[in-house]
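Listing of target_27.cif; format and content: mmCIF, C-alpha atoms.
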data_data
#
loop_
_atom_site.label_atom_id
_atom_site.label_comp_id
_atom_site.auth_asym_id
_atom_site.auth_seq_id
_atom_site.Cartn_x
_atom_site.Cartn_y
_atom_site.Cartn_z
CA MET A 273 99.85 92.97 85.47
CA SER A 274 98.60 95.89 87.52
CA LYS A 275 97.05 99.16 86.50
CA ILE A 276 97.02 102.48 88.32
CA LEU A 277 94.00 102.55 90.60
CA SER A 278 94.32 106.15 91.77
CA THR A 279 96.48 109.22 91.25
CA LYS A 280 94.88 111.32 93.98
CA SER A 281 97.20 113.77 95.80
CA ASN A 282 99.99 112.87 93.39
CA LEU A 283 99.86 109.32 94.74
CA GLN A 284 99.84 106.52 92.18
CA VAL A 285 98.16 103.52 93.79
CA LEU A 286 98.95 100.32 91.90
CA TYR A 287 97.13 97.88 94.19
CA GLU A 288 95.19 98.04 97.43
CA ASP A 289 92.99 95.89 99.62
CA ASN A 290 92.26 95.61 103.33
CA HIS A 291 95.76 94.36 104.16
CA ILE A 292 98.26 95.99 101.79
CA ILE A 293 98.69 99.02 99.58
CA VAL A 294 101.24 99.27 96.76
CA VAL A 295 102.23 102.64 95.32
CA ASN A 296 104.49 103.97 92.58
CA LYS A 297 107.07 106.19 94.28
CA ARG A 298 108.15 109.32 92.48
CA PRO A 299 111.87 110.17 92.32
CA GLY A 300 112.69 112.56 95.12
CA ASP A 301 110.17 111.14 97.58
CA ILE A 302 111.46 109.58 100.78
CA VAL A 303 109.65 106.43 101.90
CA GLN A 304 110.00 107.05 105.63
CA GLY A 305 110.79 110.15 107.66
CA ASP A 306 114.45 111.08 108.09
CA LYS A 307 116.66 113.90 109.37
CA THR A 308 115.68 116.14 106.42
CA GLY A 309 112.24 116.64 107.92
CA ASP A 310 110.67 116.31 104.47
CA LYS A 311 107.20 114.79 104.33
CA PRO A 312 107.61 111.06 103.71
CA LEU A 313 105.61 108.91 101.34
CA SER A 314 104.29 106.93 104.32
CA ASP A 315 102.49 110.05 105.57
CA VAL A 316 101.01 110.71 102.14
CA VAL A 317 99.66 107.16 102.02
CA LYS A 318 98.18 107.50 105.52
CA GLU A 319 96.37 110.68 104.47
CA TYR A 320 95.06 108.95 101.35
CA ILE A 321 93.69 106.04 103.41
CA ALA A 322 92.16 108.33 106.04
CA GLU A 323 90.36 110.39 103.40
CA LYS A 324 89.22 107.51 101.20
CA TYR A 325 87.92 105.31 104.00
CA HIS A 326 86.78 108.14 106.34
CA LYS A 327 89.01 107.03 109.20
CA PRO A 328 88.77 109.56 112.06
CA GLY A 329 91.66 108.24 114.16
CA ALA A 330 95.27 107.28 113.55
CA VAL A 331 95.85 105.19 110.44
CA PHE A 332 97.99 102.07 110.79
CA LEU A 333 100.63 101.76 108.09
CA GLY A 334 103.71 99.53 108.19
CA VAL A 335 106.83 100.33 106.17
CA VAL A 336 108.05 97.03 104.69
CA HIS A 337 110.96 98.13 102.46
CA ARG A 338 112.47 101.26 100.97
CA LEU A 339 113.83 102.72 97.75
CA ASP A 340 116.65 105.24 97.45
CA ARG A 341 115.35 108.79 97.33
CA PRO A 342 116.33 109.49 93.67
CA THR A 343 114.87 106.14 92.55
CA SER A 344 111.28 105.57 91.45
CA GLY A 345 108.94 102.61 91.43
CA ILE A 346 107.09 100.04 93.49
CA VAL A 347 106.81 100.38 97.26
CA VAL A 348 104.66 98.06 99.40
CA PHE A 349 103.08 99.09 102.70
CA ALA A 350 101.16 96.96 105.20
CA ARG A 351 97.70 98.21 106.19
CA THR A 352 97.20 95.77 109.08
CA SER A 353 99.24 94.43 111.97
CA LYS A 354 98.50 90.95 110.64
CA ALA A 355 100.08 91.65 107.25
CA LEU A 356 103.15 93.56 108.47
CA PRO A 357 105.20 90.73 110.09
CA ARG A 358 104.32 88.40 107.21
CA LEU A 359 105.51 90.92 104.64
CA ASN A 360 108.64 91.63 106.69
CA LYS A 361 109.45 87.92 106.72
CA LEU A 362 108.72 87.57 103.00
CA PHE A 363 111.11 90.38 102.07
CA LYS A 364 113.76 89.28 104.56
CA ASN A 365 113.73 85.75 103.13
CA LYS A 366 114.08 87.08 99.55
CA GLU A 367 110.70 85.62 98.60
CA ALA A 368 109.71 88.75 96.68
CA LYS A 369 111.03 88.80 93.11
CA LYS A 370 112.24 92.31 92.27
CA THR A 371 112.84 93.53 88.73
CA TYR A 372 114.31 96.96 87.98
CA TRP A 373 114.87 99.07 84.89
CA ALA A 374 118.03 101.14 84.56
CA VAL A 375 119.08 103.53 81.79
CA VAL A 376 122.84 103.65 81.22
CA LYS A 377 125.00 105.54 78.73
CA ASN A 378 127.78 102.98 78.30
CA LYS A 379 126.87 99.57 76.96
CA PRO A 380 127.68 96.76 79.42
CA PRO A 381 130.38 94.25 78.38
CA GLN A 382 127.78 91.52 77.73
CA GLU A 383 124.21 91.51 76.42
CA CYS A 384 123.22 89.52 79.50
CA ASP A 385 125.29 88.62 82.54
CA THR A 386 125.30 87.76 86.23
CA LEU A 387 127.24 90.21 88.38
CA THR A 388 128.68 89.04 91.69
CA HIS A 389 130.52 91.45 93.94
CA TRP A 390 131.18 92.01 97.61
CA LEU A 391 129.86 95.41 98.69
CA LYS A 392 131.27 97.40 101.57
CA ARG A 393 129.23 100.33 102.80
CA ASN A 394 130.77 103.66 103.76
CA SER A 395 128.18 105.24 106.06
CA LYS A 396 129.85 108.65 106.12
CA GLN A 397 129.69 108.91 102.33
CA ASN A 398 126.37 107.02 102.12
CA LYS A 399 127.95 104.94 99.38
CA SER A 400 128.77 101.29 98.73
CA TYR A 401 131.98 100.11 97.08
CA ALA A 402 132.04 96.90 95.02
CA HIS A 403 134.94 94.46 95.28
CA SER A 404 135.72 91.39 93.19
CA HIS A 405 136.46 89.32 96.30
CA GLU A 406 135.29 89.18 99.89
CA ILE A 407 136.84 91.71 102.25
CA THR A 408 136.22 92.60 105.89
CA ASP A 409 132.63 93.75 106.57
CA SER A 410 131.58 93.22 102.96
CA LYS A 411 128.35 91.55 101.86
CA LYS A 412 127.84 89.39 98.79
CA ALA A 413 125.73 91.05 96.08
CA VAL A 414 124.26 89.26 93.06
CA LEU A 415 122.15 90.54 90.18
CA VAL A 416 121.35 89.49 86.63
CA TYR A 417 121.03 92.12 83.90
CA GLN A 418 120.09 92.05 80.26
CA ILE A 419 119.95 94.76 77.62
CA ILE A 420 116.32 94.98 76.52
CA LYS A 421 116.38 98.11 74.37
CA LYS A 422 118.84 100.36 72.54
CA LEU A 423 117.81 104.00 72.81
CA ASP A 424 119.29 106.90 70.81
CA ASN A 425 122.13 107.56 73.25
CA TYR A 426 121.49 105.07 76.03
CA PHE A 427 120.75 101.45 76.82
CA LEU A 428 117.81 100.14 78.82
CA LEU A 429 118.71 97.29 81.17
CA GLU A 430 116.33 94.96 82.94
CA ILE A 431 117.74 93.77 86.25
CA ASP A 432 116.67 90.87 88.45
CA LEU A 433 117.90 91.49 91.97
CA HIS A 434 119.00 88.35 93.85
CA THR A 435 120.22 90.18 96.95
CA GLY A 436 119.13 93.48 98.42
CA ARG A 437 122.22 95.44 99.43
CA HIS A 438 122.69 99.16 100.01
CA HIS A 439 122.93 100.91 96.61
CA GLN A 440 123.56 97.50 95.04
CA ILE A 441 122.46 98.14 91.47
CA ARG A 442 124.06 101.58 91.39
CA SER A 443 127.39 100.31 92.70
CA GLN A 444 127.58 97.14 90.61
CA LEU A 445 126.67 98.82 87.32
CA SER A 446 129.17 101.59 88.02
CA THR A 447 131.87 98.98 88.63
CA ILE A 448 131.40 97.49 85.13
CA GLY A 449 131.48 100.98 83.57
CA SER A 450 127.74 101.37 83.00
CA VAL A 451 126.77 104.19 85.34
CA ILE A 452 123.06 104.92 85.67
CA LYS A 453 121.98 108.16 84.00
CA GLY A 454 122.03 111.05 86.47
CA ASP A 455 123.81 109.13 89.23
CA LEU A 456 126.57 111.59 90.17
CA LYS A 457 127.41 109.65 93.33
CA TYR A 458 128.50 106.67 91.23
CA GLY A 459 130.24 108.48 88.40
CA ALA A 460 127.68 110.01 86.02
CA ASP A 461 128.94 112.98 83.98
CA ARG A 462 126.04 115.17 85.06
CA SER A 463 122.92 115.01 87.19
CA ASN A 464 119.33 114.98 86.02
CA LYS A 465 117.64 118.37 86.40
CA ASP A 466 115.14 117.05 88.95
CA GLY A 467 117.77 115.24 91.01
CA SER A 468 116.49 111.82 89.99
CA ILE A 469 118.45 108.91 88.62
CA HIS A 470 117.16 106.64 85.86
CA LEU A 471 116.60 103.62 88.07
CA HIS A 472 113.05 102.32 88.45
CA ALA A 473 111.57 99.46 90.47
CA ARG A 474 109.57 98.09 87.57
CA LYS A 475 108.01 94.81 88.71
CA LEU A 476 107.40 92.95 91.95
CA THR A 477 106.05 89.43 92.33
CA PHE A 478 105.17 88.10 95.77
CA MET A 479 102.65 86.01 97.68
CA HIS A 480 99.86 88.02 99.28
CA PRO A 481 100.51 87.80 103.04
CA VAL A 482 96.90 87.01 103.93
CA LYS A 483 95.07 85.81 100.81
CA LYS A 484 98.01 83.59 99.77
CA GLU A 485 97.55 84.60 96.14
CA LEU A 486 100.52 85.35 93.89
CA LEU A 487 100.60 89.03 92.97
CA THR A 488 102.57 90.60 90.14
CA ILE A 489 102.67 94.39 90.27
CA LEU A 490 103.94 96.44 87.32
CA SER A 491 104.70 100.16 87.60
CA PRO A 492 105.10 102.70 84.79
CA PRO A 493 108.32 104.74 84.95
CA PRO A 494 108.22 108.53 85.38
CA SER A 495 107.19 110.57 82.38
CA ASP A 496 110.23 112.08 80.69
CA PRO A 497 111.57 111.79 77.11
CA ILE A 498 114.02 108.99 77.89
CA TRP A 499 111.70 106.88 80.05
CA ASN A 500 108.93 107.41 77.48
CA ASP A 501 111.19 105.90 74.82
CA CYS A 502 111.56 102.79 76.98
CA ILE A 503 107.85 101.92 76.93
#

Give the structure from the file, written as C-alpha cells.
Amino acid sequence: MSKILSTKSNLQVLYEDNHIIVVNKRPGDIVQGDKTGDKPLSDVVKEYIAEKYHKPGAVFLGVVHRLDRPTSGIVVFARTSKALPRLNKLFKNKEAKKTYWAVVKNKPPQECDTLTHWLKRNSKQNKSYAHSHEITDSKKAVLVYQIIKKLDNYFLLEIDLHTGRHHQIRSQLSTIGSVIKGDLKYGADRSNKDGSIHLHARKLTFMHPVKKELLTILSPPPSDPIWNDCI
C-alpha cells in the first residue's frame, strides 16, 4: 500500500524512484498535451522533477498510459528510456492489474458480476457504444464489478478491468443502467459542479520494470462529501 510522498505544486506523488514516478491525477487534468492547449500533467511532473533534483536541462518523461480528463487516480510515468519500453510492453500485455472505484446512483442488477460487451467507438462524438454481440469494428470489453458500499443515495462499486477500451467502464456501466455520477456523456441526470465524474483509478499492481519487484499503488480519491463517505 502506498502513501502520498509529496503534494508540491498540487502534485500528489504516490511513488517515485530513479526509473518511474506514479502520481494521483486530479479530475480535470489532462495527462498529455492536446488541442485544448491546456497544461498537461506530464509538464507538471517534469517541472517537479527538474526542481526536486536540480536538473538544468530537459527532463525525460515517458507517458505510459492515460486517464479520461474527468477521471481521477493513478497515472504512471517513465523517468528513463530504459523503463519506458518495458512499461509500454507491460501495459500493452495487460500485465498491470487495474482496480477502479465508481459511484453510481442506480444499483446494478447483481451484487457482483462480470460484464462482457463489444464496444464501438464513435470518434466524432468521443464516445463508445456497448453491444451485446460482436459487430463491425467493435472490440471485446470485459470487467468485473462488485458493490462494496451503500451510501446515502449512491452505491460504491469496485471494478477490476480485464481489458482497456475507450471509455470502457463508463459505457458498460451505463448500458446496465448504472451511470457514473456526473457523467453526462453516458446519461447522468446532471453534471458535477467541477466537471468531474465519480470514477477513480484506485489501485494498480504491476512489476517494477527495472527492479523486478511487485508494486501495489493505492490512491486516495478526491476530497468531496461523497468520496469522503467511501473511505

Distance in Å - CA of Val416 in chain A versus CA of Leu433 in chain A: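 Interatomic distance, CA of Val416 in chain A to CA of Leu433 in chain A: 6.7 Å.
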
Protein and nucleic acid residues near (128.1, 95.0, 78.9) (cut-off 9 Å, all atoms listed in the file) as number ranges by chain: A: 378-385, 418-419, 448-450

Enumerate, as a list in words, the residues matched when the PyMOL selection byres ((chain A and resi 459) around 10) is run on the file above.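 What the PyMOL selection byres ((chain A and resi 459) around 10) grabs from the file is Arg442, Ser443, Ser446, Thr447, Gly449, Ser450, Val451, Ile452, Lys453, Gly454, Asp455, Leu456, Lys457, Tyr458, Ala460, Asp461, Arg462 and Ser463 of chain A.
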
Residues picked by the PyMOL selection byres ((chain A and resi 411) around 8) here, as a PyMOL selection string? chain A and resi 390-392+406+409-410+412-413+437

Separation of CA of Arg358 in chain A and CA of Val335 in chain A, in Å?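 These atoms are spaced 12.2 Å apart.
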
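Closest approach to Asn464 in chain A among A:Asp496, A:Ile407, A:Gly334, A:Ile503 is made by A:Asp496 (distances from all atoms listed in the file).
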
So that I can see what lies close to Lys366 in chain A, please list as a ChimeraX atom specification the residues with an atom at most 9 Å from it, counting all atoms listed in the file and leaving out residues fewer than 2 positions away in the same chain. /A:361-364,368-369,434-436

Under the rule of at most 8 Å, produce a per-residue listing of range 380-477 of chain A near range 337-345 of chain A: chain, number, name, the closest pair of atoms, and the distance in Å, as JSON lines, using all atoms listed in the file.
{"residue": "A:His439", "atom": "CA", "partner": "A:Asp340", "partner_atom": "CA", "distance": 7.7}
{"residue": "A:Gly467", "atom": "CA", "partner": "A:Pro342", "partner_atom": "CA", "distance": 6.5}
{"residue": "A:Ser468", "atom": "CA", "partner": "A:Pro342", "partner_atom": "CA", "distance": 4.4}
{"residue": "A:Ile469", "atom": "CA", "partner": "A:Pro342", "partner_atom": "CA", "distance": 5.5}
{"residue": "A:His470", "atom": "CA", "partner": "A:Thr343", "partner_atom": "CA", "distance": 7.1}
{"residue": "A:Leu471", "atom": "CA", "partner": "A:Thr343", "partner_atom": "CA", "distance": 5.4}
{"residue": "A:His472", "atom": "CA", "partner": "A:Ser344", "partner_atom": "CA", "distance": 4.8}
{"residue": "A:Ala473", "atom": "CA", "partner": "A:Gly345", "partner_atom": "CA", "distance": 4.2}
{"residue": "A:Arg474", "atom": "CA", "partner": "A:Gly345", "partner_atom": "CA", "distance": 6.0}

Write the residues you've just listed into a file as a PDB file, in the frame of the given file, and include C-alpha atoms for each of them.
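Writing the result to out-v9.pdb gives the following:
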ATOM      1  CA  HIS A 439     122.930 100.910  96.610  1.00  0.00           C
ATOM      2  CA  GLY A 467     117.770 115.240  91.010  1.00  0.00           C
ATOM      3  CA  SER A 468     116.490 111.820  89.990  1.00  0.00           C
ATOM      4  CA  ILE A 469     118.450 108.910  88.620  1.00  0.00           C
ATOM      5  CA  HIS A 470     117.160 106.640  85.860  1.00  0.00           C
ATOM      6  CA  LEU A 471     116.600 103.620  88.070  1.00  0.00           C
ATOM      7  CA  HIS A 472     113.050 102.320  88.450  1.00  0.00           C
ATOM      8  CA  ALA A 473     111.570  99.460  90.470  1.00  0.00           C
ATOM      9  CA  ARG A 474     109.570  98.090  87.570  1.00  0.00           C
TER      10      ARG A 474
END

Would you kindly translate the PyMOL selection byres ((chain A and resi 483) around 12) into the concrete residues it picks from this file, as number ranges by chain? A: 289-292, 354-355, 358, 478-482, 484-487

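Residues in contact with range 315-322 of chain A at 6 Å, where only C-alpha atoms are counted and same-chain residues fewer than 4 positions away are skipped, are listed as His326, Lys327 and Val331 of chain A.
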
Between A:Leu428, A:Leu423, A:Leu387, A:Ile489, which is the closest to Gln444 in chain A once you count all atoms listed in the file?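 Checking each candidate against Gln444 in chain A, we get A:Leu387 as the closest.
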
Go through A:Tyr426, A:Phe332, A:Tyr372, A:Tyr325 and flag the residue nearest Ser353 in chain A, using only C-alpha atoms for the distances.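 Closest to Ser353 in chain A of all the choices is A:Phe332.
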
For CA of Lys421 in chain A and CA of Asn500 in chain A, determine how far apart the two atoms are, in Å to one decimal place. 12.3 Å

Option closest in space to Asp432 in chain A, from A:Thr386, A:Ala330, A:Lys465, A:Asn398 [counting only C-alpha atoms]: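 The closest residue to Asp432 in chain A is A:Thr386.
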
A:Thr388, A:Thr488, A:Asn282, A:Asn360: which is nearest Asn296 in chain A, counting only C-alpha atoms?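 Counting only C-alpha atoms, the residue closest to Asn296 in chain A is A:Asn282.
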
Of the listed residues A:Ile420, A:Leu490, A:Ile441, A:Cys502, that which approaches Tyr401 in chain A most closely, counting only C-alpha atoms: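 That would be A:Ile441, the residue with the smallest distance to Tyr401 in chain A.
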